[in-house]
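J.: The structure file work_15.txt (compact mmCIF, C-alpha atoms and all ligand atoms) is provided below.
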```txt
# COMPACT_ATOMS: atom_id res chain seq x y z
CA MET A 6 37.94 -12.09 -30.00
CA SER A 7 37.95 -9.95 -26.95
CA VAL A 8 38.06 -11.45 -23.52
CA THR A 9 34.86 -11.39 -21.57
CA ALA A 10 35.00 -8.38 -19.30
CA PRO A 11 34.90 -9.28 -15.62
CA SER A 12 31.40 -9.15 -14.28
CA ALA A 13 30.26 -7.66 -11.04
CA PRO A 14 29.38 -10.01 -8.20
CA PRO A 15 26.30 -12.11 -8.23
CA HIS A 16 24.43 -10.83 -5.23
CA ARG A 17 25.73 -12.96 -2.38
CA PRO A 18 23.48 -13.24 0.65
CA ARG A 19 26.58 -12.91 2.84
CA ARG A 20 27.32 -9.46 1.46
CA TRP A 21 24.12 -8.24 3.06
CA LEU A 22 25.18 -9.02 6.60
CA GLY A 23 27.10 -5.82 7.33
CA LEU A 24 24.38 -3.74 5.81
CA LEU A 25 21.68 -5.69 7.56
CA LEU A 26 23.31 -5.11 10.93
CA ALA A 27 23.42 -1.41 10.18
CA VAL A 28 19.73 -1.46 9.29
CA LEU A 29 18.87 -3.38 12.46
CA LEU A 30 20.76 -0.84 14.54
CA VAL A 31 18.86 1.96 12.84
CA SER A 32 15.55 0.17 13.41
CA GLY A 33 16.51 -0.30 17.06
CA GLY A 34 17.00 3.43 17.27
CA VAL A 35 13.64 4.00 15.65
CA VAL A 36 11.86 1.71 18.09
CA TYR A 37 13.53 3.51 20.96
CA THR A 38 12.46 6.88 19.62
CA VAL A 39 8.87 5.79 19.16
CA GLU A 40 8.74 4.23 22.63
CA GLU A 41 10.28 7.34 24.07
CA ARG A 42 7.67 9.49 22.41
CA GLU A 43 4.90 7.24 23.73
CA ARG A 44 6.38 7.35 27.21
CA ASP A 45 6.50 11.13 27.05
CA ALA A 46 2.91 11.20 25.93
CA ARG A 47 1.83 8.93 28.80
CA ALA A 48 3.85 10.91 31.33
CA ARG A 49 2.18 14.20 30.57
CA PRO A 50 -1.27 13.65 32.13
CA SER A 51 0.19 12.24 35.37
CA ALA A 52 2.41 15.29 35.73
CA THR A 53 -0.62 17.15 37.08
CA LEU A 54 -0.23 15.08 40.28
CA THR A 55 -3.99 14.53 40.44
CA PRO A 56 -5.28 10.96 40.43
CA PRO A 57 -6.29 10.04 36.92
CA ALA A 58 -9.98 10.41 36.28
CA PRO A 59 -11.59 7.44 34.57
CA ASN A 60 -12.13 9.32 31.31
CA GLN A 61 -8.41 10.23 31.09
CA SER A 62 -7.52 6.65 30.21
CA ALA A 63 -9.27 7.30 26.91
CA LYS A 64 -6.27 9.30 25.74
CA PRO A 65 -3.77 6.52 24.98
CA SER A 66 -6.45 4.30 23.47
CA LYS A 67 -7.43 7.19 21.24
CA THR A 68 -3.84 7.29 19.96
CA ALA A 69 -3.90 3.52 19.49
CA ALA A 70 -7.17 3.82 17.60
CA ALA A 71 -5.69 6.51 15.35
CA VAL A 72 -2.65 4.32 14.64
CA ALA A 73 -4.92 1.37 13.86
CA ALA A 74 -7.09 3.50 11.58
CA ARG A 75 -4.00 4.77 9.78
CA ARG A 76 -2.79 1.22 9.31
CA VAL A 77 -6.08 0.19 7.74
CA ALA A 78 -6.19 3.30 5.52
CA ILE A 79 -2.65 2.70 4.23
CA ASP A 80 -3.37 -1.00 3.70
CA MET A 81 -6.33 0.01 1.55
CA ILE A 82 -4.17 2.40 -0.49
CA LEU A 83 -1.62 -0.36 -1.07
CA LEU A 84 -4.35 -2.78 -2.09
CA ARG A 85 -5.70 -0.22 -4.58
CA ARG A 86 -2.23 0.31 -6.06
CA ALA A 87 -1.82 -3.40 -6.74
CA LYS A 88 -5.36 -3.74 -8.07
CA ALA A 89 -4.88 -0.71 -10.33
CA VAL A 90 -1.87 -2.37 -12.00
CA GLN A 91 -3.62 -5.69 -12.40
CA THR A 92 -6.77 -4.12 -13.87
CA VAL A 93 -4.80 -1.48 -15.84
CA ASP A 94 -6.65 1.38 -14.16
CA GLU A 95 -4.43 4.47 -14.09
CA ALA A 96 -7.02 6.65 -12.37
CA LEU A 97 -7.20 4.18 -9.50
CA PHE A 98 -3.40 4.10 -9.26
CA LEU A 99 -3.24 7.90 -9.05
CA ARG A 100 -6.19 8.27 -6.70
CA ASP A 101 -4.12 8.14 -3.52
CA ILE A 102 -1.21 10.28 -4.74
CA ASP A 103 -0.93 13.76 -3.19
CA PRO A 104 -2.95 15.90 -5.66
CA ALA A 105 -0.76 18.93 -4.87
CA ASP A 106 2.44 17.17 -5.91
CA LYS A 107 2.52 17.39 -9.70
CA PRO A 108 6.07 15.99 -10.17
CA LEU A 109 5.24 12.96 -8.01
CA ARG A 110 2.05 12.36 -9.99
CA ALA A 111 4.01 12.51 -13.25
CA GLU A 112 6.58 10.02 -11.89
CA GLN A 113 3.85 7.72 -10.67
CA LYS A 114 2.23 7.73 -14.12
CA VAL A 115 5.52 6.47 -15.57
CA LEU A 116 5.79 3.87 -12.81
CA PHE A 117 2.24 2.71 -13.49
CA ALA A 118 2.90 2.33 -17.23
CA ASN A 119 6.10 0.38 -16.49
CA LEU A 120 4.42 -1.95 -14.01
CA VAL A 121 1.68 -2.71 -16.52
CA GLU A 122 4.27 -3.35 -19.23
CA ILE A 123 6.17 -5.85 -17.05
CA GLY A 124 2.96 -7.88 -16.75
CA PHE A 125 3.17 -9.33 -13.25
CA THR A 126 1.13 -12.44 -12.54
CA GLU A 127 1.20 -11.55 -8.88
CA LEU A 128 1.62 -8.14 -7.24
CA GLY A 129 1.04 -6.99 -3.68
CA TYR A 130 2.32 -4.37 -1.26
CA SER A 131 2.42 -4.64 2.51
CA GLN A 132 3.54 -2.42 5.35
CA ALA A 133 6.65 -3.53 7.20
CA GLU A 134 7.74 -1.33 10.11
CA GLU A 135 7.31 2.40 10.64
CA ARG A 136 10.49 4.44 10.36
CA PHE A 137 11.06 7.81 11.94
CA ASP A 138 13.02 10.62 10.33
CA GLN A 139 12.96 14.14 11.75
CA ALA A 140 13.79 15.58 8.32
CA VAL A 141 10.70 13.92 6.83
CA VAL A 142 8.50 15.42 9.55
CA ARG A 143 10.07 18.83 8.91
CA THR A 144 9.36 18.54 5.18
CA HIS A 145 5.94 16.93 5.25
CA GLY A 146 4.47 18.00 8.58
CA LYS A 147 3.47 16.27 11.80
CA SER A 148 1.10 13.76 10.21
CA ALA A 149 3.93 12.34 8.05
CA TYR A 150 4.00 8.55 8.26
CA LEU A 151 7.20 6.98 6.91
CA VAL A 152 6.89 3.25 6.37
CA ARG A 153 8.99 0.51 4.82
CA VAL A 154 6.88 -1.31 2.25
CA LEU A 155 7.44 -4.80 0.87
CA MET A 156 6.55 -5.26 -2.77
CA ARG A 157 5.89 -8.91 -3.52
CA TYR A 158 5.56 -9.86 -7.15
CA GLN A 159 6.06 -12.53 -9.76
CA ILE A 160 7.09 -11.97 -13.36
CA PRO A 161 5.75 -14.87 -15.40
CA LYS A 162 8.42 -17.46 -16.31
CA VAL A 163 11.24 -15.24 -14.99
CA ASP A 164 10.42 -15.71 -11.30
CA PHE A 165 9.77 -19.33 -10.34
CA THR A 166 8.24 -18.13 -7.07
CA PRO A 167 6.99 -14.73 -5.86
CA VAL A 168 9.89 -12.48 -4.86
CA THR A 169 10.14 -9.45 -2.61
CA THR A 170 11.71 -6.04 -3.00
CA GLU A 171 11.62 -3.03 -0.66
CA LEU A 172 10.29 0.52 -0.88
CA GLY A 173 9.91 3.41 1.52
CA TYR A 174 6.74 5.51 1.31
CA VAL A 175 5.72 8.71 3.08
CA PHE A 176 2.01 9.28 3.62
CA ILE A 177 0.43 12.42 5.02
CA ASN A 178 -3.03 13.11 6.30
CA ARG A 179 -4.64 15.83 4.25
CA ASN A 180 -8.05 16.91 5.60
CA GLY A 181 -8.70 13.52 7.11
CA ARG A 182 -7.55 11.55 4.09
CA TRP A 183 -4.22 9.71 3.74
CA VAL A 184 -2.25 10.31 0.54
CA LEU A 185 1.15 9.22 -0.73
CA THR A 186 3.44 12.24 -0.83
CA ASP A 187 6.93 10.80 -1.25
CA ASP A 188 8.45 7.52 -2.44
CA ASP A 189 12.19 7.99 -1.99
CA ASP A 190 12.83 9.55 1.44
CA LEU A 191 13.72 6.16 2.92
CA ASP A 192 15.82 4.89 0.00
CA SER A 193 19.19 5.31 1.73
CA GLY A 194 17.91 3.29 4.71
CA LEU A 195 16.85 0.30 2.62
CA GLY A 196 18.84 -2.72 1.38
CA PRO A 197 21.06 -2.61 -1.73
CA GLY A 198 19.12 -2.03 -4.91
CA ALA A 199 15.87 -1.01 -3.25
CA HIS A 200 13.70 1.33 -5.34
CA GLN A 201 16.10 0.82 -8.24
CA GLU A 202 14.27 -1.99 -9.94
CA ALA A 203 13.92 -1.98 -13.72
CA TRP A 204 10.56 -0.19 -13.48
CA ASP A 205 11.66 2.50 -11.02
CA LEU A 206 14.01 4.50 -13.22
CA GLY A 207 12.14 6.01 -16.18
CA ARG A 208 9.86 4.86 -18.96
CA ILE A 209 10.85 1.43 -20.22
CA GLU A 210 10.16 -0.88 -23.10
CA VAL A 211 10.04 -4.65 -22.77
CA LEU A 212 11.09 -7.07 -25.52
CA ARG A 213 10.27 -10.73 -25.14
CA SER A 214 10.96 -14.09 -26.65
CA SER A 215 9.98 -17.46 -25.26
CA ARG A 216 12.79 -17.50 -22.64
CA VAL A 217 14.18 -13.96 -22.71
CA MET A 218 12.82 -10.65 -21.45
CA VAL A 219 14.86 -7.52 -22.19
CA VAL A 220 14.14 -4.16 -20.56
CA VAL A 221 15.45 -1.08 -22.40
CA GLU A 222 14.66 2.63 -22.44
CA LYS A 223 11.40 3.41 -24.21
CA GLY A 224 12.16 3.67 -27.93
CA ASP A 225 15.48 1.80 -27.72
CA THR A 226 13.81 -1.04 -29.59
CA GLN A 227 16.58 -1.93 -32.01
CA ARG A 228 19.19 -2.34 -29.29
CA GLY A 229 16.70 -4.34 -27.26
CA ARG A 230 16.19 -6.71 -30.19
CA ALA A 231 19.93 -7.14 -30.66
CA ILE A 232 20.43 -8.00 -26.99
CA ARG A 233 17.50 -10.40 -27.09
CA ALA A 234 19.01 -12.23 -30.09
CA GLU A 235 22.38 -12.59 -28.31
CA ALA A 236 20.61 -13.81 -25.16
CA VAL A 237 18.77 -16.51 -27.09
CA GLU A 238 22.14 -17.75 -28.42
CA ALA A 239 23.67 -17.55 -24.96
CA LEU A 240 20.85 -19.62 -23.45
CA THR A 241 21.62 -22.35 -25.98
CA GLU A 242 25.27 -22.32 -24.93
CA VAL A 243 24.45 -22.54 -21.23
CA ALA A 244 22.16 -25.49 -21.96
CA LYS A 245 24.91 -27.13 -24.02
CA TYR A 246 27.88 -26.60 -21.69
CA TRP A 247 26.39 -26.65 -18.20
CA PRO A 248 24.63 -29.91 -17.34
CA ARG A 249 22.01 -28.54 -14.96
CA HIS A 250 18.68 -28.60 -16.77
CA TRP A 251 17.49 -25.04 -16.17
CA THR A 252 14.20 -24.18 -17.81
CA GLY A 253 13.75 -20.60 -16.64
CA SER A 254 13.52 -17.34 -18.53
CA VAL A 255 16.13 -14.67 -18.18
CA LEU A 256 15.49 -10.98 -17.47
CA ILE A 257 18.11 -8.60 -18.86
CA ILE A 258 17.99 -4.93 -17.89
CA ALA A 259 19.91 -2.64 -20.28
CA LEU A 260 19.03 0.92 -19.30
CA ASP A 261 20.90 4.19 -19.56
CA GLU A 262 21.55 4.07 -15.81
CA THR A 263 24.67 3.28 -13.79
CA ASP A 264 22.77 2.20 -10.64
CA VAL A 265 20.20 -0.48 -11.30
CA ARG A 266 19.20 -2.94 -8.57
CA ASP A 267 22.44 -3.74 -6.67
CA ALA A 268 24.65 -3.08 -9.71
CA ARG A 269 26.90 0.01 -9.42
CA PHE A 270 28.72 0.66 -12.64
CA ALA A 271 29.81 4.21 -11.89
CA ASP A 272 31.98 3.69 -8.83
CA GLU A 273 33.63 0.38 -9.54
CA ASP A 274 37.38 0.05 -9.75
CA ILE A 275 37.17 -2.69 -12.31
CA GLU A 276 35.08 -1.81 -15.31
CA SER A 277 32.50 -4.55 -15.58
CA ALA A 278 30.24 -5.19 -18.53
CA ALA A 279 27.30 -6.76 -16.73
CA SER A 280 26.28 -8.30 -13.45
CA ALA A 281 23.81 -10.88 -12.22
CA GLY A 282 22.08 -9.81 -9.00
CA SER A 283 19.90 -11.98 -6.80
CA THR A 284 16.19 -11.88 -6.30
CA PHE A 285 14.85 -12.95 -2.91
CA SER A 286 11.72 -14.90 -2.08
CA SER A 287 12.44 -13.75 1.47
CA LEU A 288 14.68 -10.72 1.97
CA PRO A 289 17.73 -10.89 4.22
CA GLY A 290 16.50 -10.19 7.74
CA GLN A 291 12.88 -10.97 6.87
CA ASP A 292 12.77 -14.60 8.01
CA THR A 293 16.46 -15.46 8.18
CA ALA A 294 19.62 -13.34 8.29
CA ASP A 295 20.76 -14.41 4.81
CA GLY A 296 17.31 -14.39 3.21
CA THR A 297 16.30 -16.90 0.55
CA VAL A 298 17.65 -16.41 -2.95
CA ALA A 299 15.04 -17.15 -5.62
CA GLY A 300 16.98 -16.35 -8.79
CA ALA A 301 18.84 -13.49 -10.46
CA TYR A 302 18.37 -10.74 -13.04
CA ILE A 303 21.11 -9.49 -15.34
CA VAL A 304 21.97 -5.78 -15.46
CA VAL A 305 24.11 -4.47 -18.32
CA ASN A 306 26.57 -1.60 -17.90
CA PRO A 307 25.10 1.38 -19.85
CA ASN A 308 28.44 1.90 -21.62
CA GLU A 309 28.54 -1.73 -22.77
CA ARG A 310 25.02 -2.03 -24.15
CA ASP A 311 26.26 -2.11 -27.75
CA ARG A 312 28.93 -4.71 -26.99
CA VAL A 313 26.68 -7.25 -25.31
CA ASP A 314 27.25 -10.58 -27.03
CA GLU A 315 26.49 -14.24 -26.46
CA ILE A 316 29.90 -14.75 -24.81
CA LEU A 317 29.26 -12.14 -22.13
CA LEU A 318 25.66 -13.24 -21.69
CA SER A 319 26.48 -16.95 -21.45
CA HIS A 320 28.68 -16.07 -18.44
CA GLU A 321 25.89 -14.08 -16.78
CA ILE A 322 23.17 -16.57 -17.67
CA THR A 323 25.24 -19.33 -16.03
CA HIS A 324 24.94 -17.28 -12.83
CA VAL A 325 21.18 -16.95 -13.35
CA ALA A 326 20.83 -20.67 -14.07
CA THR A 327 22.55 -21.50 -10.77
CA ALA A 328 21.18 -18.65 -8.63
CA ASP A 329 18.37 -20.60 -7.02
CA LEU A 330 20.73 -23.27 -5.64
CA GLY A 331 21.31 -21.28 -2.47
CA GLY A 332 24.17 -18.88 -3.17
CA TYR A 333 26.65 -20.36 -0.65
CA GLU A 334 29.17 -21.61 -3.24
CA PRO A 335 32.63 -19.99 -3.13
CA LEU A 336 33.17 -17.24 -5.69
CA TRP A 337 36.00 -19.12 -7.41
CA LEU A 338 33.49 -21.88 -8.19
CA ALA A 339 30.69 -19.48 -9.27
CA GLU A 340 32.92 -17.35 -11.49
CA GLY A 341 34.94 -20.36 -12.65
CA ALA A 342 31.77 -22.15 -13.80
CA ALA A 343 30.49 -19.03 -15.59
CA GLU A 344 33.85 -18.57 -17.31
CA TYR A 345 33.96 -22.26 -18.15
CA VAL A 346 30.65 -22.00 -20.02
CA SER A 347 31.52 -18.81 -21.89
CA TRP A 348 34.98 -20.13 -22.89
CA ARG A 349 33.42 -23.32 -24.21
CA GLY A 350 31.39 -21.00 -26.42
CA ILE A 351 34.53 -19.20 -27.59
CA GLU A 352 36.20 -22.56 -28.27
CA ALA A 353 33.23 -23.64 -30.39
CA ILE A 354 33.41 -20.45 -32.44
CA SER A 355 37.16 -19.92 -32.84
CA GLY A 356 38.71 -23.32 -32.24
CA PRO A 357 41.07 -24.52 -29.50
CA GLY A 358 43.94 -22.11 -30.29
CA GLU A 359 42.66 -19.08 -28.44
CA ILE A 360 41.63 -21.06 -25.38
CA ALA A 361 45.10 -22.70 -25.21
CA THR A 362 46.83 -19.33 -25.37
CA TRP A 363 44.59 -17.97 -22.65
CA GLU A 364 45.05 -20.98 -20.40
CA GLN A 365 48.83 -20.67 -20.68
CA GLU A 366 48.65 -16.98 -19.83
CA VAL A 367 46.69 -17.74 -16.67
CA ILE A 368 49.24 -20.40 -15.69
CA ASP A 369 52.26 -18.18 -16.43
CA GLU A 370 51.00 -14.86 -15.08
CA ALA A 371 47.95 -15.01 -12.82
CA LEU A 372 48.72 -18.23 -10.93
CA PRO A 373 52.16 -17.11 -9.61
CA ALA A 374 50.63 -13.82 -8.42
CA LEU A 375 48.39 -15.61 -5.91
CA THR A 376 49.13 -17.80 -2.89
CA SER A 377 45.78 -19.60 -2.69
CA LEU A 378 42.51 -19.96 -4.56
CA PRO A 379 40.95 -16.46 -4.78
CA ASN A 380 39.07 -15.65 -1.58
CA ASP A 381 35.51 -14.35 -1.55
CA ALA A 382 36.70 -11.29 0.35
CA GLY A 383 38.10 -8.78 -2.10
CA PHE A 384 37.48 -11.06 -5.08
CA TYR A 385 36.06 -8.32 -7.29
CA GLN A 386 38.67 -5.78 -6.22
CA ASN A 387 41.63 -8.06 -6.94
CA ASN A 388 44.06 -6.80 -9.59
CA VAL A 389 45.17 -10.34 -10.40
CA ASP A 390 43.10 -12.19 -12.99
CA VAL A 391 41.05 -14.10 -10.42
CA TYR A 392 38.50 -14.96 -13.11
CA GLY A 393 41.21 -16.74 -15.07
CA VAL A 394 42.44 -18.65 -12.01
CA SER A 395 38.86 -19.61 -11.07
CA TRP A 396 38.31 -20.82 -14.61
CA LEU A 397 41.51 -22.85 -14.46
CA ALA A 398 40.39 -24.46 -11.19
CA VAL A 399 37.08 -25.47 -12.73
CA ARG A 400 38.81 -26.75 -15.90
CA PHE A 401 41.08 -28.81 -13.66
CA LEU A 402 38.13 -30.24 -11.72
CA VAL A 403 36.26 -31.07 -14.94
CA LYS A 404 39.30 -33.04 -16.15
CA ARG A 405 39.68 -34.75 -12.77
CA ILE A 406 36.11 -35.77 -11.92
CA GLY A 407 33.98 -34.91 -14.98
CA LEU A 408 31.58 -32.08 -15.81
CA LYS A 409 28.44 -33.66 -14.34
CA GLN A 410 30.29 -34.23 -11.06
CA VAL A 411 31.45 -30.61 -11.01
CA GLU A 412 27.84 -29.54 -11.46
CA ASP A 413 26.80 -31.81 -8.56
CA LEU A 414 29.60 -30.26 -6.52
CA TYR A 415 28.26 -26.81 -7.38
CA GLU A 416 24.74 -27.74 -6.25
CA ASP A 417 26.03 -29.13 -2.97
CA MET A 418 28.18 -26.02 -2.37
CA GLY A 419 25.32 -23.67 -3.30
CA ALA A 420 23.07 -25.25 -0.72
CA HIS A 421 25.55 -26.13 2.04
CA GLY A 422 28.87 -24.28 1.60
CA ILE A 423 28.13 -21.92 4.46
CA ASP A 424 31.68 -21.79 5.86
CA GLN A 425 35.21 -22.96 5.05
CA ALA A 426 34.83 -26.23 6.99
CA ALA A 427 31.65 -27.11 5.10
CA ARG A 428 33.20 -26.16 1.77
CA ASP A 429 36.29 -28.28 2.38
CA ARG A 430 34.16 -31.20 3.49
CA ILE A 431 32.01 -31.00 0.33
CA LEU A 432 34.99 -30.52 -1.97
CA LEU A 433 36.90 -33.39 -0.31
CA THR A 434 33.95 -35.78 -0.53
CA ARG A 435 33.29 -34.99 -4.17
CA SER A 436 36.81 -34.49 -5.60
CA GLY A 437 39.27 -35.89 -3.04
CA LEU A 438 40.75 -32.40 -2.60
CA THR A 439 40.38 -29.51 -0.19
CA GLU A 440 40.76 -25.90 -1.36
CA ALA A 441 44.39 -26.03 -0.17
CA THR A 442 45.26 -29.26 -1.99
CA LEU A 443 43.34 -28.14 -5.09
CA TRP A 444 45.52 -25.03 -5.09
CA MET A 445 48.66 -27.16 -4.80
CA ALA A 446 47.48 -29.39 -7.62
CA LEU A 447 46.98 -26.34 -9.85
CA GLN A 448 50.67 -25.43 -9.43
CA GLY A 449 51.71 -28.60 -11.20
CA TYR A 450 48.93 -28.50 -13.77
CA THR A 451 49.92 -28.89 -17.39
CA PRO A 452 46.96 -28.81 -19.73
CA GLN A 453 46.73 -31.66 -22.22
CA ARG A 454 46.55 -30.37 -25.76
ZN ZN B 501 30.39 -13.50 -13.04
```
Please rewrite the model in this file as structure tokens.
Ligand SMILES: [Zn+2]

T.:
Amino acid sequence: MSVTAPSAPPHRPRRWLGLLLAVLLVSGGVVYTVEERERDARARPSATLTPPAPNQSAKPSKTAAAVAARRVAIDMILLRRAKAVQTVDEALFLRDIDPADKPLRAEQKVLFANLVEIGFTELGYSQAEERFDQAVVRTHGKSAYLVRVLMRYQIPKVDFTPVTTELGYVFINRNGRWVLTDDDDLDSGLGPGAHQEAWDLGRIEVLRSSRVMVVVEKGDTQRGRAIRAEAVEALTEVAKYWPRHWTGSVLIIALDETDVRDARFADEDIESAASAGSTFSSLPGQDTADGTVAGAYIVVNPNERDRVDEILLSHEITHVATADLGGYEPLWLAEGAAEYVSWRGIEAISGPGEIATWEQEVIDEALPALTSLPNDAGFYQNNVDVYGVSWLAVRFLVKRIGLKQVEDLYEDMGAHGIDQAARDRILLTRSGLTEATLWMALQGYTPQR
């Protein structure tokens, strides 16, 4: 049986920080530009050196009124878009799309069909901040209004709470009426995975069972069914081998795309078969720097869609079933737990022989190549088998304190393991070891067989 291919990172809140800072800097620049423009506008009348006449003060308030009117008009468009999906009214959805832009209208028809097929119980769009981009003004004219939009939605059973994703829309005023003219000009200025949700990338088909939802290309029904069947098996394994009682449904996206959500299968050094990426009830930077993780969706590498099996999916579903705990656990614990579950599945299928061989390989080859437990930084770029070492550490902890206690440790880490001091404190309290002494203990570890 082949070894589970390493998976891409679950979407750690911490990974957003660098990006978030970059975004904040950009926003700062935008605010400055807008203020500058307003200052210029205010400066102009006074340049005449005549005392302002009473009626001249109407000018700035006229601008403010226009901005307010635009805000209301765009809010109404966004309301109509959400209502159109919920009432399955394509004409209403297309009503505010630039009539002159035939390709955009065609894309929006696909988007509409996809959104209806997903079947949201809740869907709403709201304007975040205005963004300024000279190139957008050049392309779409002076009325162009570029705005970051928050899409808040809930997929029944998959999302325990409403979650938020980002979009960037460009509206223009055509003969006094606002219309949507572009939906991707801001994409590079948004967070990872924005505008690359399952419904953003082409016509999809959704296959469901009671706890699984699989998204494939339209017409790729047979493959979708196969993946769904493996996922149902994998869910059983996660329930059997990981003590946390998780009752959620899992969303698996298996499209012919290399960039879906925050998964990047094209430019990765290590070929990964699938990844579990976070959903956020509050995006990083929205209320807190890290955001609030609500859960995770699985994205399958397009080249691996035919090799998806219960072993691979039980690893990824373990990530999904622990995603809402907070996301602060160290990667060695997250990946070790996921590997623990999937290897228990292998053991059940093929007996203890294969697992013993693998464990010895990790001890003989991977362990001597490292000097500490694998760090979060560079984890997924490491050439050493850090998955194997993480798995060994979790196996060791299970033997030492028991599986239920390891799961409790995971929950504590997920919620509170915000830095090394906190992690060591939690690990010490719950296992009697710090990361350093756990590493030392692994050096002398001989598995009982
Ligand atoms: Zn993983």

J.: Using all atoms listed in the file, find the one residue out of A:Leu438, A:Tyr302, A:Leu397, A:Ala133 that sits nearest to Gly290 (chain A).

T.: A:Ala133

J.: Of the candidates A:Asn387, A:Gln448, A:Ser277, A:Gln410, which shows the shortest atom-to-atom distance to ligand ZN 501 (chain B), using only C-alpha atoms and all ligand atoms?

T.: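 Of A:Asn387, A:Gln448, A:Ser277, A:Gln410, the one nearest ligand ZN 501 (chain B) is A:Ser277, counting only C-alpha atoms and all ligand atoms.
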
J.: Provide the CA of Lys409 (chain A) to CA of Thr362 (chain A) distance in Å, to one decimal place.

T.: 25.8 Å

J.: Would you please work out which residue, of A:Thr442, A:Ser395, A:Gln113, A:Thr451, is nearest to ligand ZN 501 (chain B) when using only C-alpha atoms and all ligand atoms?

T.: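 With only C-alpha atoms and all ligand atoms as the atom set, the closest residue is A:Ser395.
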
J.: Might you pull out every residue within 7 Å of region 178-188 of chain A, with all atoms listed in the file counted and same-chain residues fewer than 6 positions away left off, and present them as a list in words?

T.: Ala78, Asp101, Ile102, Asp103 and Ser148 of chain A

J.: Leaving out region 364-370 of chain A and any residue of its chain fewer than 6 positions from it, which residues lie within 8 Å of it when counting all atoms listed in the file, given as a ChimeraX atom specification?

T.: /A:390,393-394,397

J.: Name all residues at most 8 Å from region 118-127 of chain A (count only C-alpha atoms; drop same-chain ones fewer than 6 positions away) and give them as a list in words.

T.: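 Residues near the query, excluding close chain neighbours: Val90, Gln91, Val93, Arg157, Tyr158, Gln159, Ile160, Pro161, Pro167, Trp204, Arg208, Ile209, Glu210 and Val211 of chain A.
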
J.: Using all atoms listed in the file, which residue out of A:Trp396, A:Phe165, A:Tyr345, A:Trp444 lies closest to Gly253 (chain A)?

T.: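 That would be A:Phe165, the residue with the smallest distance to Gly253 (chain A).
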
J.: Any idea what the distance is between CA of Glu134 (chain A) and CA of Asp267 (chain A)?

T.: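 Between these atoms lies a distance of 22.4 Å.
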
J.: Would you compute the distance between CA of Val399 (chain A) and CA of Arg269 (chain A)? Give it in Å to one decimal.

T.: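 Calculated distance between CA of Val399 (chain A) and CA of Arg269 (chain A) is 27.6 Å.
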
J.: Which residue, A:Ile258, A:Ala343, A:Val391, A:Leu128, has the smallest gap to Val168 (chain A) when you use only C-alpha atoms?

T.: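 Closest residue, counting only C-alpha atoms: A:Leu128.
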